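Trainee: After the structure tokens below, expect a handful of questions from me.
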Amino acid sequence: MVMNVYIEFPRLPTVSLLTILFCFGASVGWAGPSTNPMLTLYAPTTGYEPISFLEFGNSVGGAGDVNGDGYDDLLIGATLSGNPHDEHGAALLYLGSSNGPAAWPDWYYLGSNAHEALGYQVGEAGDVNGDGYDDFFLASGPFSVGFSGTGQTLIFHGSSNGPAAFPDTVLSATHTGAARYPRASAAIGDINLDGFDDFAISDDLVTNTCCTGKFAGVVFVHYGSSNGLSATPSWEHWDVENNESASFGADLSGADINGDGYADLIVAHSKETENGTVEVFPGGSGGLTTNRITISPTEIDLLYEGVGFADSVTGLRDIDGDGCDEVVVGSPYEGSYFDLTNYLPVINQGVVSVHRYATNTGLFNLIWHRAGPSNDYRLGQIVCDAGDVNGDGADDLIAMAGYSDNYRADLFTVTNGNFTAASTWSADTIHDNWNTALNKPIAGVGDLNGDGYDDIALGMSADPAHGEPFLNQAYVFSAVLTNLSPLGQL
């Protein structure tokens, strides 16, 4: 029998398998987080037998403040974890404190099914039951090899004692032909301003008999209530078309794009063989409808050649003080041309673009864009709101780039609506084995140490199946003002 455990752990020695790196935000005069991490966490081993936390760091996310102590908390996914190696997957919770997270988890949850790969995505769910404590989610992997069922997303409520031993709500596929559920899971804010945050899940590849010869994707939204999220969807939207590479729901986010106080749903509709779109569904007192506002690649196509607009999306909290949030789009396969100077083709630079809704026209305008600096850089694999890492009042932006075992992440700080490249992390600057697949190994995770500056977590998970060794060292690094040497080894 597999046990799902809620336990406070003693101070145990940790023998490391895989790594999580943190960069803590810093104050005025700051030029950006160092490429050296402030803290390194490793998968716990001693005292957890027979569980093995494999692929620790395959995903990271902020949990919000789950126990109401004033410090944000951290989630780490370990998708190949098992008892001992059956790939149930797991997620571990590290509570924040004045010193940041400790080196051992305060809580963990092990998946219930072999090959489920729980922890594929982890993150904050908002406050779905309105009790004042932040809630969080753990999602299983939609691409899991050997898993015969559909995936699920588990919702855990926060409390003064932290999360319970078992999920408060289990969100499972209810539609026929579910194939990649949950492709994406996301907190989207309060869509209908009823005081409860809402939650979205997608399946971007539905094999449904109603759609013979067609390719369907679907997004489900579950509204919050005093009891939390309903197990059945409150709203759903389907997209059916002929393009087999279409991926409606490839990524999800939420933001208030028009400043009316209602959260809006942001959906990435990517297509491998042609440009995709971003669909924004406005919130309102009655909840979501079929009304949508489309962000098309028209302006990007005038600047860059290539296809693949809208692989990833995120809302970015109001950066210019106009009361409206922005939408960030990652397009890693945009930016292809022939270099006439060197007579070489340049492909897949990748482009990150920021779009602002104009209330007078009802359309989105491109306000900023950045292409990857080199061939196959593939900027925009992931985009996410970093939070306010330098304390200037504006949220900053993370964009992930790369492929195979050569991933990078770029931080862009935002001041008065202007974007500045601040830091770049890469496998070379951190470790030779920063590896990922289709999950999110980088995230803004809130203020983990209560210093007033938001922090960033980066996961590095090696894959022995591809000849990569497990990582086996842990360091705690000093502040982020300069690249300083490590303070000590764990």
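Each chain of the structure tokens is named A, B, ... in the order shown, its residues numbered from 1; ligands are numbered from 1 in display order.
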Residues near Ile155 in chain A, anyone? I mean within 7 Å using only C-alpha atoms, not counting same-chain ones fewer than 4 positions away, as a list in words.

Mentor: Phe136, Phe137, Leu138, Pro167, Asp168, Thr169 and Val170 of chain A

Trainee: Set the distance at 7 Å and use only C-alpha atoms: which residues neighbour Gly217 in chain A once local chain neighbours fewer than 6 positions away are removed? I'd like the list as a PDB file with all heavy atoms, in the first residue's frame.

Mentor:
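Listing of result-v3.pdb after writing:
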ATOM      1  N   ASP A 203      -6.690  20.105 -21.584  1.00  0.00           N
ATOM      2  CA  ASP A 203      -6.286  18.894 -22.299  1.00  0.00           C
ATOM      3  C   ASP A 203      -6.171  19.310 -23.757  1.00  0.00           C
ATOM      4  O   ASP A 203      -7.176  19.616 -24.405  1.00  0.00           O
ATOM      5  CB  ASP A 203      -7.329  17.787 -22.125  1.00  0.00           C
ATOM      6  CG  ASP A 203      -6.934  16.490 -22.840  1.00  0.00           C
ATOM      7  OD1 ASP A 203      -5.989  16.516 -23.651  1.00  0.00           O
ATOM      8  OD2 ASP A 203      -7.592  15.457 -22.601  1.00  0.00           O
ATOM      9  N   ASP A 204      -4.958  19.358 -24.288  1.00  0.00           N
ATOM     10  CA  ASP A 204      -4.761  19.920 -25.622  1.00  0.00           C
ATOM     11  C   ASP A 204      -4.779  18.876 -26.729  1.00  0.00           C
ATOM     12  O   ASP A 204      -4.551  19.200 -27.892  1.00  0.00           O
ATOM     13  CB  ASP A 204      -3.461  20.718 -25.685  1.00  0.00           C
ATOM     14  CG  ASP A 204      -2.219  19.839 -25.527  1.00  0.00           C
ATOM     15  OD1 ASP A 204      -2.351  18.728 -24.972  1.00  0.00           O
ATOM     16  OD2 ASP A 204      -1.131  20.262 -25.943  1.00  0.00           O
ATOM     17  N   LEU A 205      -5.047  17.611 -26.373  1.00  0.00           N
ATOM     18  CA  LEU A 205      -5.114  16.576 -27.402  1.00  0.00           C
ATOM     19  C   LEU A 205      -6.226  15.595 -27.024  1.00  0.00           C
ATOM     20  O   LEU A 205      -6.012  14.636 -26.285  1.00  0.00           O
ATOM     21  CB  LEU A 205      -3.779  15.829 -27.525  1.00  0.00           C
ATOM     22  CG  LEU A 205      -3.726  14.715 -28.568  1.00  0.00           C
ATOM     23  CD1 LEU A 205      -3.944  15.284 -29.969  1.00  0.00           C
ATOM     24  CD2 LEU A 205      -2.402  13.966 -28.497  1.00  0.00           C
ATOM     25  N   VAL A 206      -7.420  15.843 -27.548  1.00  0.00           N
ATOM     26  CA  VAL A 206      -8.574  15.026 -27.210  1.00  0.00           C
ATOM     27  C   VAL A 206      -8.915  14.143 -28.399  1.00  0.00           C
ATOM     28  O   VAL A 206      -9.103  14.627 -29.517  1.00  0.00           O
ATOM     29  CB  VAL A 206      -9.791  15.896 -26.842  1.00  0.00           C
ATOM     30  CG1 VAL A 206     -10.973  15.015 -26.472  1.00  0.00           C
ATOM     31  CG2 VAL A 206      -9.440  16.836 -25.704  1.00  0.00           C
ATOM     32  N   TRP A 238     -14.112  24.430 -25.919  1.00  0.00           N
ATOM     33  CA  TRP A 238     -13.475  23.490 -26.845  1.00  0.00           C
ATOM     34  C   TRP A 238     -13.016  24.217 -28.102  1.00  0.00           C
ATOM     35  O   TRP A 238     -13.655  25.170 -28.557  1.00  0.00           O
ATOM     36  CB  TRP A 238     -14.457  22.393 -27.249  1.00  0.00           C
ATOM     37  CG  TRP A 238     -14.796  21.437 -26.149  1.00  0.00           C
ATOM     38  CD1 TRP A 238     -15.637  21.659 -25.092  1.00  0.00           C
ATOM     39  CD2 TRP A 238     -14.294  20.110 -25.996  1.00  0.00           C
ATOM     40  NE1 TRP A 238     -15.693  20.557 -24.286  1.00  0.00           N
ATOM     41  CE2 TRP A 238     -14.880  19.584 -24.819  1.00  0.00           C
ATOM     42  CE3 TRP A 238     -13.425  19.321 -26.741  1.00  0.00           C
ATOM     43  CZ2 TRP A 238     -14.619  18.298 -24.370  1.00  0.00           C
ATOM     44  CZ3 TRP A 238     -13.161  18.033 -26.300  1.00  0.00           C
ATOM     45  CH2 TRP A 238     -13.750  17.536 -25.130  1.00  0.00           C
ATOM     46  N   ASP A 239     -11.927  23.736 -28.662  1.00  0.00           N
ATOM     47  CA  ASP A 239     -11.491  24.189 -29.978  1.00  0.00           C
ATOM     48  C   ASP A 239     -11.268  22.943 -30.828  1.00  0.00           C
ATOM     49  O   ASP A 239     -10.525  22.040 -30.448  1.00  0.00           O
ATOM     50  CB  ASP A 239     -10.194  24.992 -29.884  1.00  0.00           C
ATOM     51  CG  ASP A 239      -9.732  25.476 -31.249  1.00  0.00           C
ATOM     52  OD1 ASP A 239     -10.177  26.557 -31.669  1.00  0.00           O
ATOM     53  OD2 ASP A 239      -8.942  24.758 -31.898  1.00  0.00           O
ATOM     54  N   VAL A 240     -11.921  22.880 -31.972  1.00  0.00           N
ATOM     55  CA  VAL A 240     -11.829  21.725 -32.868  1.00  0.00           C
ATOM     56  C   VAL A 240     -11.410  22.220 -34.242  1.00  0.00           C
ATOM     57  O   VAL A 240     -12.004  23.169 -34.777  1.00  0.00           O
ATOM     58  CB  VAL A 240     -13.181  20.986 -32.966  1.00  0.00           C
ATOM     59  CG1 VAL A 240     -13.055  19.778 -33.887  1.00  0.00           C
ATOM     60  CG2 VAL A 240     -13.671  20.575 -31.591  1.00  0.00           C
ATOM     61  N   SER A 247      -2.595  22.966 -30.545  1.00  0.00           N
ATOM     62  CA  SER A 247      -2.530  22.666 -29.120  1.00  0.00           C
ATOM     63  C   SER A 247      -3.260  23.765 -28.360  1.00  0.00           C
ATOM     64  O   SER A 247      -2.638  24.686 -27.818  1.00  0.00           O
ATOM     65  CB  SER A 247      -1.069  22.555 -28.664  1.00  0.00           C
ATOM     66  OG  SER A 247      -0.985  22.284 -27.303  1.00  0.00           O
ATOM     67  N   PHE A 248      -4.596  23.689 -28.352  1.00  0.00           N
ATOM     68  CA  PHE A 248      -5.391  24.657 -27.610  1.00  0.00           C
ATOM     69  C   PHE A 248      -5.303  24.306 -26.122  1.00  0.00           C
ATOM     70  O   PHE A 248      -5.719  23.235 -25.701  1.00  0.00           O
ATOM     71  CB  PHE A 248      -6.848  24.602 -28.076  1.00  0.00           C
ATOM     72  CG  PHE A 248      -7.750  25.592 -27.369  1.00  0.00           C
ATOM     73  CD1 PHE A 248      -7.694  26.934 -27.677  1.00  0.00           C
ATOM     74  CD2 PHE A 248      -8.649  25.160 -26.399  1.00  0.00           C
ATOM     75  CE1 PHE A 248      -8.524  27.851 -27.033  1.00  0.00           C
ATOM     76  CE2 PHE A 248      -9.488  26.052 -25.755  1.00  0.00           C
ATOM     77  CZ  PHE A 248      -9.417  27.405 -26.073  1.00  0.00           C
ATOM     78  N   GLY A 249      -4.736  25.229 -25.339  1.00  0.00           N
ATOM     79  CA  GLY A 249      -4.494  24.954 -23.932  1.00  0.00           C
ATOM     80  C   GLY A 249      -3.080  24.526 -23.640  1.00  0.00           C
ATOM     81  O   GLY A 249      -2.801  23.940 -22.597  1.00  0.00           O
TER      82      GLY A 249
END

Trainee: With only C-alpha atoms as the counted atoms, please give the residues lying no more than 9 Å from range 253-269 of chain A, apart from itself and same-chain residues fewer than 2 positions off, as a VMD selection string.

Mentor: chain A and resid 185 to 193 200 204 217 219 246 to 251 271 276 to 285 288 309 to 318 322 to 327 329 356 to 359

Trainee: For the selection just defined, write its residues with N, CA and C atoms to a file, as a short mmCIF file (atom, residue, chain, number, x, y, z; two decimals), in the first residue's frame.

Mentor:
data_model
loop_
_atom_site.label_atom_id
_atom_site.label_comp_id
_atom_site.auth_asym_id
_atom_site.auth_seq_id
_atom_site.Cartn_x
_atom_site.Cartn_y
_atom_site.Cartn_z
N SER A 185 -2.07 23.42 -15.80
CA SER A 185 -2.90 23.76 -14.64
C SER A 185 -2.46 25.13 -14.15
N ALA A 186 -3.42 25.99 -13.77
CA ALA A 186 -3.03 27.35 -13.39
C ALA A 186 -4.06 28.02 -12.51
N ALA A 187 -3.56 28.73 -11.50
CA ALA A 187 -4.40 29.68 -10.77
C ALA A 187 -4.67 30.87 -11.67
N ILE A 188 -5.91 31.31 -11.74
CA ILE A 188 -6.24 32.39 -12.68
C ILE A 188 -6.86 33.60 -11.99
N GLY A 189 -6.95 33.60 -10.65
CA GLY A 189 -7.55 34.72 -9.95
C GLY A 189 -9.05 34.55 -9.82
N ASP A 190 -9.72 35.63 -9.43
CA ASP A 190 -11.17 35.60 -9.17
C ASP A 190 -11.90 36.09 -10.42
N ILE A 191 -12.40 35.15 -11.20
CA ILE A 191 -13.05 35.47 -12.48
C ILE A 191 -14.33 36.27 -12.30
N ASN A 192 -15.12 35.94 -11.28
CA ASN A 192 -16.45 36.55 -11.13
C ASN A 192 -16.58 37.43 -9.89
N LEU A 193 -15.47 37.72 -9.23
CA LEU A 193 -15.43 38.59 -8.04
C LEU A 193 -16.42 38.15 -6.96
N ALA A 200 -7.87 26.82 -13.57
CA ALA A 200 -8.04 26.33 -14.94
C ALA A 200 -7.15 25.12 -15.21
N ASP A 204 -4.96 19.36 -24.29
CA ASP A 204 -4.76 19.92 -25.62
C ASP A 204 -4.78 18.88 -26.73
N GLY A 217 -8.93 20.50 -28.54
CA GLY A 217 -8.36 20.87 -27.26
C GLY A 217 -9.46 21.48 -26.41
N VAL A 219 -10.33 23.59 -22.49
CA VAL A 219 -9.93 24.22 -21.24
C VAL A 219 -11.12 24.19 -20.29
N ALA A 246 -2.21 21.45 -33.74
CA ALA A 246 -2.83 22.47 -32.90
C ALA A 246 -2.82 22.01 -31.45
N SER A 247 -2.59 22.97 -30.54
CA SER A 247 -2.53 22.67 -29.12
C SER A 247 -3.26 23.77 -28.36
N PHE A 248 -4.60 23.69 -28.35
CA PHE A 248 -5.39 24.66 -27.61
C PHE A 248 -5.30 24.31 -26.12
N GLY A 249 -4.74 25.23 -25.34
CA GLY A 249 -4.49 24.95 -23.93
C GLY A 249 -3.08 24.53 -23.64
N ALA A 250 -2.14 24.81 -24.56
CA ALA A 250 -0.74 24.46 -24.34
C ALA A 250 -0.20 25.11 -23.07
N ASP A 251 -0.71 26.27 -22.73
CA ASP A 251 -0.33 26.95 -21.49
C ASP A 251 -1.50 27.82 -21.05
N LYS A 271 0.60 26.02 -32.45
CA LYS A 271 0.52 25.13 -33.61
C LYS A 271 1.93 24.95 -34.15
N GLY A 276 0.36 30.19 -34.03
CA GLY A 276 -0.80 30.07 -33.16
C GLY A 276 -1.34 31.43 -32.78
N THR A 277 -2.16 31.43 -31.74
CA THR A 277 -2.73 32.67 -31.22
C THR A 277 -2.80 32.54 -29.70
N VAL A 278 -3.10 33.66 -29.06
CA VAL A 278 -3.45 33.66 -27.65
C VAL A 278 -4.88 34.12 -27.54
N GLU A 279 -5.69 33.36 -26.81
CA GLU A 279 -7.09 33.69 -26.62
C GLU A 279 -7.30 34.15 -25.18
N VAL A 280 -7.88 35.34 -25.02
CA VAL A 280 -8.17 35.90 -23.70
C VAL A 280 -9.67 35.93 -23.51
N PHE A 281 -10.15 35.25 -22.47
CA PHE A 281 -11.57 35.19 -22.16
C PHE A 281 -11.83 36.10 -20.96
N PRO A 282 -12.55 37.22 -21.15
CA PRO A 282 -12.74 38.19 -20.06
C PRO A 282 -13.64 37.64 -18.95
N GLY A 283 -13.26 37.94 -17.70
CA GLY A 283 -14.11 37.63 -16.58
C GLY A 283 -15.24 38.63 -16.45
N GLY A 284 -16.21 38.32 -15.62
CA GLY A 284 -17.35 39.20 -15.38
C GLY A 284 -18.20 38.65 -14.25
N SER A 285 -19.24 39.40 -13.87
CA SER A 285 -20.07 39.00 -12.73
C SER A 285 -20.74 37.66 -12.95
N LEU A 288 -17.21 33.36 -16.92
CA LEU A 288 -16.71 33.36 -18.30
C LEU A 288 -17.83 33.02 -19.28
N PHE A 309 4.17 30.88 -33.03
CA PHE A 309 3.75 31.91 -32.08
C PHE A 309 2.89 31.29 -31.00
N ALA A 310 3.18 31.62 -29.75
CA ALA A 310 2.31 31.31 -28.62
C ALA A 310 2.45 29.89 -28.10
N ASP A 311 3.66 29.48 -27.78
CA ASP A 311 3.86 28.21 -27.07
C ASP A 311 3.62 28.37 -25.57
N SER A 312 3.90 29.55 -25.04
CA SER A 312 3.75 29.78 -23.60
C SER A 312 3.17 31.17 -23.36
N VAL A 313 2.50 31.33 -22.22
CA VAL A 313 1.89 32.62 -21.87
C VAL A 313 1.98 32.85 -20.37
N THR A 314 1.94 34.11 -19.99
CA THR A 314 1.76 34.47 -18.59
C THR A 314 1.18 35.86 -18.50
N GLY A 315 0.40 36.08 -17.45
CA GLY A 315 0.01 37.43 -17.13
C GLY A 315 1.15 38.11 -16.38
N LEU A 316 1.34 39.41 -16.60
CA LEU A 316 2.37 40.17 -15.92
C LEU A 316 1.69 41.35 -15.23
N ARG A 317 1.80 41.38 -13.91
CA ARG A 317 1.11 42.41 -13.13
C ARG A 317 1.45 43.80 -13.63
N ASP A 318 0.44 44.65 -13.70
CA ASP A 318 0.52 46.02 -14.21
C ASP A 318 1.91 46.64 -14.06
N ASP A 322 -1.16 51.76 -15.13
CA ASP A 322 -2.43 52.14 -15.75
C ASP A 322 -3.60 51.30 -15.23
N GLY A 323 -3.32 50.40 -14.30
CA GLY A 323 -4.39 49.59 -13.73
C GLY A 323 -4.70 48.32 -14.50
N CYS A 324 -3.99 48.09 -15.61
CA CYS A 324 -4.24 46.92 -16.45
C CYS A 324 -2.99 46.03 -16.50
N ASP A 325 -3.19 44.74 -16.37
CA ASP A 325 -2.08 43.80 -16.48
C ASP A 325 -1.73 43.57 -17.95
N GLU A 326 -0.52 43.15 -18.18
CA GLU A 326 -0.04 42.84 -19.52
C GLU A 326 -0.05 41.33 -19.74
N VAL A 327 0.04 40.93 -21.02
CA VAL A 327 0.13 39.52 -21.40
C VAL A 327 1.47 39.29 -22.07
N VAL A 329 3.93 36.60 -24.16
CA VAL A 329 3.83 35.44 -25.03
C VAL A 329 5.23 34.94 -25.37
N ARG A 356 -0.30 44.70 -24.64
CA ARG A 356 -1.16 45.50 -23.76
C ARG A 356 -2.52 45.71 -24.41
N TYR A 357 -3.55 45.52 -23.61
CA TYR A 357 -4.91 45.69 -24.10
C TYR A 357 -5.26 47.18 -24.15
N ALA A 358 -5.82 47.62 -25.26
CA ALA A 358 -6.25 49.01 -25.42
C ALA A 358 -7.77 49.06 -25.23
N THR A 359 -8.22 49.68 -24.16
CA THR A 359 -9.65 49.71 -23.88
C THR A 359 -10.43 50.51 -24.91
#

Trainee: Among range 200-382 of chain A, which ones does DSSP place in helix (DSSP H, G or I), written as a list of chain:residue names?

Mentor: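 For range 200-382 of chain A, the helix (DSSP H, G or I) set is A:Thr209, A:Cys210, A:Cys211, A:Thr298, A:Glu299, A:Ile300, A:Asp301, A:Leu302, A:Leu303.
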
Trainee: Env of Gly350 in chain A: 7 Å cut, atoms = only C-alpha atoms, seq-sep filter 2 positions within chain, self excluded. Answer as a compact mmCIF listing (two decimals) with N, CA, C and O atoms, in the first residue's frame.

Mentor:
# COMPACT_ATOMS: atom_id res chain seq x y z
N SER A 331 7.43 32.50 -27.83
CA SER A 331 7.35 31.86 -29.16
C SER A 331 8.73 31.35 -29.54
O SER A 331 9.48 32.00 -30.28
N PRO A 332 9.13 30.17 -29.04
CA PRO A 332 10.52 29.72 -29.20
C PRO A 332 10.93 29.37 -30.62
O PRO A 332 12.12 29.23 -30.90
N TYR A 333 9.97 29.24 -31.55
CA TYR A 333 10.32 28.87 -32.92
C TYR A 333 10.15 30.04 -33.90
O TYR A 333 10.25 29.86 -35.10
N GLU A 334 9.90 31.22 -33.36
CA GLU A 334 9.94 32.42 -34.19
C GLU A 334 11.40 32.86 -34.36
O GLU A 334 12.28 32.45 -33.60
N GLY A 335 11.64 33.72 -35.35
CA GLY A 335 12.96 34.27 -35.54
C GLY A 335 13.87 33.41 -36.39
O GLY A 335 14.84 32.83 -35.89
N ASN A 348 15.12 29.57 -35.31
CA ASN A 348 14.61 29.37 -33.95
C ASN A 348 15.35 30.21 -32.90
O ASN A 348 15.73 29.70 -31.85
N VAL A 352 10.19 36.61 -27.26
CA VAL A 352 9.27 36.93 -26.15
C VAL A 352 8.66 38.29 -26.44
O VAL A 352 9.37 39.23 -26.77
N ALA A 371 14.22 39.01 -29.13
CA ALA A 371 14.58 37.75 -29.78
C ALA A 371 15.80 37.16 -29.11
O ALA A 371 16.64 37.87 -28.55
N GLY A 372 15.92 35.84 -29.17
CA GLY A 372 17.12 35.19 -28.69
C GLY A 372 18.33 35.66 -29.46
O GLY A 372 18.23 35.97 -30.66
N TYR A 377 18.51 29.46 -30.10
CA TYR A 377 18.42 29.89 -28.70
C TYR A 377 17.05 29.52 -28.11
O TYR A 377 16.92 29.19 -26.96
N ARG A 378 16.01 29.62 -28.93
CA ARG A 378 14.64 29.23 -28.58
C ARG A 378 14.13 29.92 -27.33
O ARG A 378 13.57 29.30 -26.41
N LEU A 379 14.29 31.22 -27.30
CA LEU A 379 13.77 32.02 -26.20
C LEU A 379 12.25 31.94 -26.17
O LEU A 379 11.60 32.04 -27.20
N GLY A 380 11.70 31.75 -24.98
CA GLY A 380 10.25 31.70 -24.84
C GLY A 380 9.68 30.32 -24.62
O GLY A 380 8.46 30.15 -24.65

Trainee: Please give the complete set of residues from range 372-417 of chain A that DSSP, run on the backbone, assigns to strand (DSSP E or B), formatted as a list in words.

Mentor: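 The residues of range 372-417 of chain A classed as strand (DSSP E or B) are Leu379, Ile382, Val383, Cys384, Asp385, Ala386, Gly387, Asp396, Leu397, Ile398, Ala399, Met400, Ala401, Gly402, Tyr403, Asn406, Tyr407, Arg408, Ala409, Asp410, Leu411, Phe412, Thr413, Val414 and Thr415 of chain A.
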
Trainee: Would you output that residue set with N, CA, C and O atoms, as an mmCIF file, in the first residue's frame?

Mentor:
data_model
loop_
_atom_site.group_PDB
_atom_site.id
_atom_site.type_symbol
_atom_site.label_atom_id
_atom_site.label_comp_id
_atom_site.auth_asym_id
_atom_site.auth_seq_id
_atom_site.Cartn_x
_atom_site.Cartn_y
_atom_site.Cartn_z
ATOM 1 N N LEU A 379 14.290 31.224 -27.305
ATOM 2 C CA LEU A 379 13.772 32.022 -26.198
ATOM 3 C C LEU A 379 12.248 31.938 -26.169
ATOM 4 O O LEU A 379 11.597 32.040 -27.198
ATOM 5 N N ILE A 382 9.451 28.910 -21.886
ATOM 6 C CA ILE A 382 8.632 29.210 -20.716
ATOM 7 C C ILE A 382 8.711 30.705 -20.475
ATOM 8 O O ILE A 382 9.777 31.307 -20.610
ATOM 9 N N VAL A 383 7.595 31.331 -20.118
ATOM 10 C CA VAL A 383 7.588 32.708 -19.629
ATOM 11 C C VAL A 383 6.815 32.718 -18.315
ATOM 12 O O VAL A 383 5.813 32.018 -18.170
ATOM 13 N N CYS A 384 7.290 33.486 -17.357
ATOM 14 C CA CYS A 384 6.566 33.568 -16.088
ATOM 15 C C CYS A 384 6.864 34.885 -15.386
ATOM 16 O O CYS A 384 7.918 35.498 -15.581
ATOM 17 N N ASP A 385 5.895 35.305 -14.580
ATOM 18 C CA ASP A 385 6.027 36.501 -13.751
ATOM 19 C C ASP A 385 6.985 36.170 -12.616
ATOM 20 O O ASP A 385 6.752 35.255 -11.837
ATOM 21 N N ALA A 386 8.083 36.908 -12.524
ATOM 22 C CA ALA A 386 9.095 36.644 -11.499
ATOM 23 C C ALA A 386 8.722 37.247 -10.161
ATOM 24 O O ALA A 386 9.397 36.971 -9.163
ATOM 25 N N GLY A 387 7.651 38.046 -10.112
ATOM 26 C CA GLY A 387 7.420 38.857 -8.932
ATOM 27 C C GLY A 387 8.323 40.077 -8.978
ATOM 28 O O GLY A 387 8.999 40.351 -9.975
ATOM 29 N N ASP A 396 8.713 41.638 -12.457
ATOM 30 C CA ASP A 396 9.739 41.389 -13.457
ATOM 31 C C ASP A 396 9.430 40.087 -14.188
ATOM 32 O O ASP A 396 8.521 39.342 -13.818
ATOM 33 N N LEU A 397 10.182 39.807 -15.247
ATOM 34 C CA LEU A 397 9.837 38.742 -16.188
ATOM 35 C C LEU A 397 10.971 37.736 -16.335
ATOM 36 O O LEU A 397 12.129 38.115 -16.481
ATOM 37 N N ILE A 398 10.615 36.446 -16.321
ATOM 38 C CA ILE A 398 11.560 35.375 -16.616
ATOM 39 C C ILE A 398 11.174 34.726 -17.936
ATOM 40 O O ILE A 398 9.991 34.465 -18.186
ATOM 41 N N ALA A 399 12.152 34.458 -18.785
ATOM 42 C CA ALA A 399 11.926 33.725 -20.027
ATOM 43 C C ALA A 399 12.970 32.628 -20.131
ATOM 44 O O ALA A 399 14.169 32.878 -20.004
ATOM 45 N N MET A 400 12.504 31.418 -20.361
ATOM 46 C CA MET A 400 13.402 30.281 -20.484
ATOM 47 C C MET A 400 13.656 29.969 -21.948
ATOM 48 O O MET A 400 12.772 30.136 -22.798
ATOM 49 N N ALA A 401 14.855 29.512 -22.245
ATOM 50 C CA ALA A 401 15.246 29.218 -23.614
ATOM 51 C C ALA A 401 15.978 27.886 -23.659
ATOM 52 O O ALA A 401 16.374 27.338 -22.633
ATOM 53 N N GLY A 402 16.183 27.362 -24.885
ATOM 54 C CA GLY A 402 17.037 26.216 -25.079
ATOM 55 C C GLY A 402 16.290 24.930 -25.360
ATOM 56 O O GLY A 402 15.072 24.900 -25.520
ATOM 57 N N TYR A 403 17.044 23.852 -25.426
ATOM 58 C CA TYR A 403 16.498 22.533 -25.714
ATOM 59 C C TYR A 403 17.543 21.504 -25.316
ATOM 60 O O TYR A 403 18.682 21.836 -24.967
ATOM 61 N N ASN A 406 20.759 21.956 -22.926
ATOM 62 C CA ASN A 406 21.388 23.273 -23.025
ATOM 63 C C ASN A 406 20.355 24.366 -22.769
ATOM 64 O O ASN A 406 20.059 25.180 -23.634
ATOM 65 N N TYR A 407 19.806 24.364 -21.563
ATOM 66 C CA TYR A 407 18.762 25.330 -21.231
ATOM 67 C C TYR A 407 19.348 26.563 -20.571
ATOM 68 O O TYR A 407 20.358 26.514 -19.876
ATOM 69 N N ARG A 408 18.655 27.671 -20.778
ATOM 70 C CA ARG A 408 19.041 28.946 -20.187
ATOM 71 C C ARG A 408 17.779 29.654 -19.708
ATOM 72 O O ARG A 408 16.678 29.368 -20.168
ATOM 73 N N ALA A 409 17.960 30.595 -18.802
ATOM 74 C CA ALA A 409 16.852 31.422 -18.362
ATOM 75 C C ALA A 409 17.320 32.858 -18.265
ATOM 76 O O ALA A 409 18.402 33.135 -17.730
ATOM 77 N N ASP A 410 16.530 33.761 -18.799
ATOM 78 C CA ASP A 410 16.851 35.185 -18.793
ATOM 79 C C ASP A 410 15.869 35.924 -17.902
ATOM 80 O O ASP A 410 14.659 35.695 -17.973
ATOM 81 N N LEU A 411 16.387 36.820 -17.074
ATOM 82 C CA LEU A 411 15.554 37.686 -16.247
ATOM 83 C C LEU A 411 15.562 39.090 -16.828
ATOM 84 O O LEU A 411 16.632 39.650 -17.094
ATOM 85 N N PHE A 412 14.386 39.644 -17.018
ATOM 86 C CA PHE A 412 14.232 41.028 -17.470
ATOM 87 C C PHE A 412 13.540 41.804 -16.355
ATOM 88 O O PHE A 412 12.421 41.474 -15.960
ATOM 89 N N THR A 413 14.210 42.818 -15.839
ATOM 90 C CA THR A 413 13.577 43.662 -14.832
ATOM 91 C C THR A 413 12.771 44.760 -15.538
ATOM 92 O O THR A 413 13.083 45.160 -16.668
ATOM 93 N N VAL A 414 11.734 45.229 -14.849
ATOM 94 C CA VAL A 414 10.830 46.218 -15.424
ATOM 95 C C VAL A 414 10.790 47.435 -14.513
ATOM 96 O O VAL A 414 10.496 47.318 -13.319
ATOM 97 N N THR A 415 11.111 48.587 -15.062
ATOM 98 C CA THR A 415 11.066 49.850 -14.331
ATOM 99 C C THR A 415 10.350 50.881 -15.190
ATOM 100 O O THR A 415 10.762 51.135 -16.326
#

Trainee: Quick one: contact table of range 70-141 of chain A to range 39-50 of chain A, 12 Å max, nearest atom pair and distance in Å to one decimal per residue, counting only C-alpha atoms, chain and number order, as a Markdown table?

Mentor:
| residue | atom | partner | partner_atom | distance |
| --- | --- | --- | --- | --- |
| A:Leu74 | CA | A:Leu41 | CA | 11.4 |
| A:Leu75 | CA | A:Leu41 | CA | 11.7 |
| A:Ile76 | CA | A:Ala43 | CA | 9.5 |
| A:Gly77 | CA | A:Ala43 | CA | 10.2 |
| A:Ala78 | CA | A:Ala43 | CA | 8.5 |
| A:Thr79 | CA | A:Ala43 | CA | 11.9 |
| A:Leu80 | CA | A:Ala43 | CA | 11.9 |
| A:Ser81 | CA | A:Ala43 | CA | 10.2 |
| A:Gly82 | CA | A:Pro50 | CA | 8.2 |
| A:Asn83 | CA | A:Pro50 | CA | 5.6 |
| A:Pro84 | CA | A:Pro50 | CA | 5.4 |
| A:His85 | CA | A:Pro50 | CA | 9.2 |
| A:Asp86 | CA | A:Pro50 | CA | 11.3 |
| A:Ala90 | CA | A:Ala43 | CA | 11.2 |
| A:Ala91 | CA | A:Ala43 | CA | 10.8 |
| A:Leu92 | CA | A:Ala43 | CA | 9.4 |
| A:Leu93 | CA | A:Ala43 | CA | 11.9 |
| A:Tyr94 | CA | A:Leu41 | CA | 10.1 |
| A:Asn99 | CA | A:Leu39 | CA | 10.3 |
| A:Gly100 | CA | A:Leu39 | CA | 8.6 |
| A:Pro101 | CA | A:Leu39 | CA | 8.7 |
| A:Ala102 | CA | A:Leu41 | CA | 8.5 |
| A:Ala103 | CA | A:Leu41 | CA | 5.9 |
| A:Trp104 | CA | A:Pro44 | CA | 6.7 |
| A:Pro105 | CA | A:Pro44 | CA | 8.0 |
| A:Asp106 | CA | A:Pro44 | CA | 11.4 |
| A:Trp107 | CA | A:Pro44 | CA | 11.8 |
| A:Tyr108 | CA | A:Tyr48 | CA | 10.7 |
| A:Leu110 | CA | A:Tyr48 | CA | 11.7 |
